[in-house]
>>> print(open('start27.txt').read())   # compact mmCIF, C-alpha atoms and all ligand atoms
# COMPACT_ATOMS: atom_id res chain seq x y z
CA MET A 1 279.33 156.97 148.32
CA ALA A 2 275.72 155.93 147.84
CA GLU A 3 274.87 153.80 144.83
CA HIS A 4 271.37 153.58 143.39
CA LEU A 5 270.39 150.69 141.16
CA LEU A 6 267.57 151.73 138.85
CA LYS A 7 265.74 149.40 136.51
CA ILE A 8 264.32 151.40 133.61
CA LEU A 9 262.12 150.00 130.86
CA ILE A 10 262.11 151.17 127.26
CA VAL A 11 258.76 150.35 125.67
CA GLY A 12 256.85 151.23 122.52
CA ASP A 13 255.93 149.72 119.20
CA GLY A 14 258.49 147.99 117.01
CA ASN A 15 260.71 150.14 114.80
CA VAL A 16 260.21 153.42 116.72
CA GLY A 17 263.90 153.55 117.74
CA LYS A 18 264.11 151.87 121.16
CA SER A 19 267.22 149.78 120.51
CA SER A 20 268.92 152.69 118.79
CA PHE A 21 268.09 154.90 121.77
CA THR A 22 269.55 152.45 124.29
CA HIS A 23 272.64 151.98 122.18
CA ARG A 24 273.12 155.72 121.66
CA TYR A 25 272.71 156.42 125.35
CA THR A 26 275.04 153.73 126.60
CA SER A 27 277.77 153.73 123.95
CA GLY A 28 280.85 155.80 124.55
CA GLN A 29 280.57 155.18 128.27
CA PHE A 30 281.51 152.15 130.27
CA ASN A 31 278.71 149.66 129.76
CA SER A 32 278.12 146.02 129.26
CA SER A 33 275.41 144.63 127.08
CA TYR A 34 273.87 141.24 127.45
CA LYS A 35 271.32 139.51 125.26
CA MET A 36 269.02 137.28 127.25
CA THR A 37 267.66 134.17 125.58
CA VAL A 38 264.08 135.45 125.91
CA GLY A 39 265.03 138.44 123.80
CA VAL A 40 265.17 141.23 126.34
CA ASP A 41 268.14 143.46 125.74
CA PHE A 42 269.60 144.50 129.05
CA SER A 43 272.23 147.24 129.10
CA VAL A 44 273.99 148.91 131.99
CA LYS A 45 275.15 152.48 132.40
CA LEU A 46 276.92 153.94 135.38
CA LEU A 47 276.37 157.64 136.13
CA HIS A 48 278.45 159.71 138.51
CA TRP A 49 275.35 161.58 139.57
CA SER A 50 276.84 163.78 142.30
CA GLU A 51 279.84 163.86 144.60
CA ARG A 52 278.07 161.46 146.93
CA GLU A 53 275.92 159.41 144.56
CA LYS A 54 276.44 156.91 141.81
CA VAL A 55 273.56 155.65 139.74
CA ARG A 56 273.69 152.28 138.05
CA LEU A 57 271.03 152.13 135.34
CA GLN A 58 269.69 148.87 133.99
CA LEU A 59 267.98 149.61 130.71
CA TRP A 60 265.55 146.92 129.61
CA ASP A 61 264.79 147.09 125.94
CA ILE A 62 261.89 144.92 124.85
CA ALA A 63 263.95 144.18 121.71
CA GLY A 64 261.55 142.97 119.06
CA GLN A 65 259.42 140.99 121.51
CA GLU A 66 256.62 143.58 121.56
CA ARG A 67 253.95 140.94 121.04
CA PHE A 68 255.46 138.36 123.35
CA ILE A 69 252.91 138.99 126.09
CA SER A 70 253.93 136.16 128.46
CA MET A 71 257.23 137.77 129.39
CA THR A 72 255.85 141.15 130.29
CA ARG A 73 255.43 140.56 134.01
CA ILE A 74 259.05 139.52 134.42
CA TYR A 75 260.03 142.44 132.27
CA TYR A 76 258.10 144.93 134.39
CA ARG A 77 259.08 143.55 137.80
CA GLY A 78 261.01 146.01 139.96
CA ALA A 79 260.98 148.78 137.37
CA LEU A 80 261.54 152.24 138.85
CA GLY A 81 261.17 154.23 135.65
CA CYS A 82 259.97 153.90 132.09
CA VAL A 83 260.49 155.43 128.66
CA VAL A 84 257.50 155.17 126.32
CA MET A 85 258.62 155.90 122.78
CA PHE A 86 256.83 156.49 119.50
CA ASP A 87 257.77 157.62 116.01
CA VAL A 88 256.40 161.05 114.97
CA THR A 89 255.96 159.78 111.40
CA ASN A 90 253.78 156.85 112.50
CA SER A 91 250.41 157.75 114.04
CA SER A 92 249.58 154.23 115.21
CA SER A 93 252.82 154.10 117.20
CA PHE A 94 251.58 157.26 118.96
CA LEU A 95 248.08 155.87 119.61
CA ASN A 96 249.61 152.69 121.01
CA CYS A 97 251.43 154.68 123.71
CA LEU A 98 248.16 154.54 125.63
CA HIS A 99 248.35 150.75 125.56
CA TRP A 100 251.97 150.81 126.71
CA LYS A 101 251.24 153.23 129.57
CA ARG A 102 248.19 151.28 130.76
CA ASP A 103 250.05 148.00 130.52
CA LEU A 104 252.85 149.43 132.63
CA ASP A 105 250.48 150.84 135.25
CA SER A 106 248.56 147.57 135.48
CA LYS A 107 251.70 145.48 135.99
CA ALA A 108 254.14 147.65 137.91
CA MET A 109 254.13 150.26 140.63
CA LEU A 110 256.69 151.74 142.98
CA PRO A 111 257.10 150.16 146.44
CA SER A 112 255.21 153.23 147.73
CA GLY A 113 252.21 152.32 145.56
CA GLU A 114 252.75 155.32 143.29
CA PRO A 115 252.82 154.82 139.53
CA VAL A 116 256.23 154.23 137.92
CA PRO A 117 257.62 157.58 136.63
CA CYS A 118 257.30 157.56 132.89
CA ILE A 119 258.60 159.90 130.17
CA LEU A 120 257.07 160.09 126.69
CA LEU A 121 259.52 160.41 123.80
CA ALA A 122 258.51 161.60 120.34
CA ASN A 123 261.34 160.14 118.29
CA LYS A 124 262.56 160.64 114.70
CA CYS A 125 261.85 164.38 114.85
CA ASP A 126 264.61 164.80 112.23
CA LEU A 127 262.31 163.27 109.59
CA PRO A 128 260.18 165.49 107.32
CA GLY A 129 257.03 163.33 107.20
CA ARG A 130 255.75 164.19 110.63
CA VAL A 131 252.11 163.23 111.32
CA VAL A 132 251.82 163.77 115.10
CA SER A 133 251.63 167.41 116.24
CA ALA A 134 253.33 168.80 119.35
CA GLU A 135 249.88 169.91 120.62
CA SER A 136 248.47 166.41 120.52
CA VAL A 137 251.54 164.95 122.23
CA ASP A 138 251.38 167.61 124.92
CA GLY A 139 247.68 166.97 125.59
CA PHE A 140 248.21 163.22 125.62
CA SER A 141 251.17 163.46 127.98
CA ARG A 142 249.20 165.54 130.49
CA ALA A 143 246.05 163.43 130.23
CA HIS A 144 247.83 160.16 130.90
CA GLY A 145 250.18 161.03 133.74
CA PHE A 146 253.58 161.21 132.04
CA ILE A 147 256.18 163.23 133.97
CA THR A 148 256.87 165.13 130.75
CA TRP A 149 257.45 164.55 127.05
CA MET A 150 260.33 165.46 124.74
CA GLU A 151 261.07 165.40 121.06
CA THR A 152 264.09 163.24 120.32
CA SER A 153 266.19 162.27 117.38
CA VAL A 154 268.35 159.31 118.19
CA LYS A 155 269.86 159.69 114.74
CA GLU A 156 271.01 163.26 115.39
CA ASN A 157 271.61 162.67 119.10
CA ARG A 158 268.97 165.21 120.13
CA ASN A 159 267.57 165.07 123.68
CA VAL A 160 268.80 161.54 124.36
CA GLN A 161 270.96 162.44 127.38
CA GLU A 162 268.50 165.15 128.45
CA ALA A 163 265.55 162.77 128.47
CA MET A 164 267.36 160.20 130.59
CA ARG A 165 268.65 162.85 132.97
CA ARG A 166 265.12 164.14 133.49
CA LEU A 167 263.78 160.64 134.10
CA VAL A 168 266.55 159.75 136.58
CA GLN A 169 265.94 163.03 138.43
CA ASP A 170 262.29 162.14 138.82
CA ILE A 171 263.03 158.57 139.91
CA LEU A 172 265.49 159.72 142.58
CA SER A 173 263.10 162.34 143.92
CA ALA A 174 260.32 159.72 144.11
CA GLN A 175 262.48 157.45 146.31
P1 LIG B 1 263.02 149.41 117.79
O1 LIG B 1 262.38 148.28 117.04
O2 LIG B 1 262.00 150.27 118.46
O3 LIG B 1 264.10 148.97 118.73
O4 LIG B 1 263.69 150.37 116.69
P2 LIG B 1 265.20 150.45 116.16
O5 LIG B 1 266.09 151.07 117.17
O6 LIG B 1 265.58 149.11 115.62
O7 LIG B 1 265.05 151.51 114.97
C1 LIG B 1 264.21 151.27 113.87
C2 LIG B 1 264.73 152.04 112.66
O8 LIG B 1 264.57 153.45 112.86
C3 LIG B 1 266.21 151.82 112.39
O9 LIG B 1 266.39 151.79 110.99
C4 LIG B 1 266.86 153.05 112.99
O10 LIG B 1 268.06 153.38 112.35
C5 LIG B 1 265.82 154.12 112.74
N1 LIG B 1 265.84 155.23 113.70
C6 LIG B 1 265.91 155.15 115.05
N2 LIG B 1 265.88 156.38 115.60
C7 LIG B 1 265.79 157.26 114.57
C8 LIG B 1 265.74 158.70 114.51
O11 LIG B 1 265.76 159.44 115.50
N3 LIG B 1 265.63 159.25 113.25
C9 LIG B 1 265.60 158.49 112.12
N4 LIG B 1 265.51 159.13 110.95
N5 LIG B 1 265.66 157.14 112.15
C10 LIG B 1 265.76 156.53 113.36
>>> encode(input="start27.txt", output="structure tokens")
Amino acid sequence: MAEHLLKILIVGDGNVGKSSFTHRYTSGQFNSSYKMTVGVDFSVKLLHWSEREKVRLQLWDIAGQERFISMTRIYYRGALGCVVMFDVTNSSSFLNCLHWKRDLDSKAMLPSGEPVPCILLANKCDLPGRVVSAESVDGFSRAHGFITWMETSVKENRNVQEAMRRLVQDILSAQ
């Protein structure tokens, strides 16, 4: 039985739903959660990926430390995948995804030198006050090298498992 250990980052502006996403994804399964003193929330999820493969995910949630620049290099080190999240009712959280993607690409890369696979998540799609269109997200995702993008609602449990499955698939095929 092969076991992969994958460090995955969850980044994005404050209040877009990152902690809720991590909690939603990991709860109900075996997981342990551990609050580090620097404020990074580190959760673990074990996936029985196939008959021959287990995947142990380490999910690093930036946990309210979005402006705490000095810890970012430690945070990014060894990352094999990334979720960039924004809130569809908050246009600045969408615009800031460019910052998050560039920051990631400037501080982390795969051992092969390729960029870290990154999925773009348009969260809170259950809310009525949407200000970011699907067309603009699609264009942005293609222009900036995301593997794909998906609409999610952590609240209604829409696309949470699907998004992580897609990201893990990409990470494993990049290895
Ligand atoms: P973080 O700062 O990015 O970690 O964001 P949180 O996970 O703390 O979420 C911020 C707020 O948005 C909380 O009140 C959540 O309950 C709420 N929230 C998170 N995801 C969703 C969602 O998909 N839909 C709605 N309506 N609210 C959400």
>>> residues_near_ligand(input="start27.txt", ligand="ligand LIG 1 (chain B)", cutoff="8 Å", atoms="only C-alpha atoms and all ligand atoms", output="tab-separated table (two decimals) with C-alpha atoms, in the coordinates of the input")
chain	number	residue	atom	x	y	z
A	11	VAL	CA	258.76	150.35	125.67
A	12	GLY	CA	256.85	151.23	122.52
A	13	ASP	CA	255.93	149.72	119.20
A	14	GLY	CA	258.49	147.99	117.01
A	15	ASN	CA	260.71	150.14	114.80
A	16	VAL	CA	260.21	153.42	116.72
A	17	GLY	CA	263.90	153.55	117.74
A	18	LYS	CA	264.11	151.87	121.16
A	19	SER	CA	267.22	149.78	120.51
A	20	SER	CA	268.92	152.69	118.79
A	21	PHE	CA	268.09	154.90	121.77
A	61	ASP	CA	264.79	147.09	125.94
A	62	ILE	CA	261.89	144.92	124.85
A	63	ALA	CA	263.95	144.18	121.71
A	64	GLY	CA	261.55	142.97	119.06
A	85	MET	CA	258.62	155.90	122.78
A	123	ASN	CA	261.34	160.14	118.29
A	124	LYS	CA	262.56	160.64	114.70
A	125	CYS	CA	261.85	164.38	114.85
A	126	ASP	CA	264.61	164.80	112.23
A	127	LEU	CA	262.31	163.27	109.59
A	152	THR	CA	264.09	163.24	120.32
A	153	SER	CA	266.19	162.27	117.38
A	154	VAL	CA	268.35	159.31	118.19
A	155	LYS	CA	269.86	159.69	114.74
A	156	GLU	CA	271.01	163.26	115.39
A	157	ASN	CA	271.61	162.67	119.10
>>> closest_residue(input="start27.txt", among="A:Pro111, A:Gly129, A:Gly145, A:Gly81", to="A:Leu98", atoms="all atoms listed in the file")
A:Gly145
>>> closest_residue(input="start27.txt", among="A:Met109, A:Ile74, A:Val132, A:Leu167", to="A:Val88", atoms="only C-alpha atoms")
A:Val132
>>> closest_residue(input="start27.txt", among="A:Glu51, A:Tyr76, A:Cys82, A:Leu172", to="A:Ser106", atoms="all atoms listed in the file")
A:Tyr76
>>> atom_distance(input="start27.txt", atom1="atom CA of A:Cys118", atom2="atom CA of A:Phe146")
5.3 Å
>>> atom_distance(input="start27.txt", atom1="atom CA of A:Ala163", atom2="atom CA of A:Ile119")
7.7 Å
>>> closest_residue(input="start27.txt", among="A:Val44, A:His144, A:Leu9, A:Arg130", to="A:Thr89", atoms="all atoms listed in the file")
A:Arg130
>>> atom_distance(input="start27.txt", atom1="atom CA of A:Ser92", atom2="atom CA of A:Ile147")
21.8 Å
>>> closest_residue(input="start27.txt", among="A:Val84, A:Leu46, A:Leu120, A:Ile8", to="A:Asp103", atoms="only C-alpha atoms")
A:Val84
>>> closest_residue(input="start27.txt", among="A:Ser93, A:Ser173, A:Ser50, A:Thr22", to="A:Leu80", atoms="all atoms listed in the file")
A:Ser173
>>> residues_near_point(input="start27.txt", point="(260.4, 157.0, 145.1)", cutoff="12 Å", atoms="only C-alpha atoms", output="list in words")
His4, Leu6, Ala79, Leu80, Gly81, Met109, Leu110, Pro111, Ser112, Gly113, Glu114, Pro115, Val116, Pro117, Val168, Gln169, Asp170, Ile171, Leu172, Ser173, Ala174 and Gln175 of chain A
>>> axis_aligned_box(input="start27.txt", around="stretch 96-101 of chain A", padding_each_side="8 Å", output="lines of an AutoDock Vina configuration file")
center_x = 250.1
center_y = 152.7
center_z = 125.3
size_x = 19.8
size_y = 19.9
size_z = 24.6
>>> residues_near_point(input="start27.txt", point="(263.4, 164.6, 122.8)", cutoff="6 Å", atoms="all atoms listed in the file", output="list in words")
Leu121, Met150, Glu151, Thr152 and Asn159 of chain A
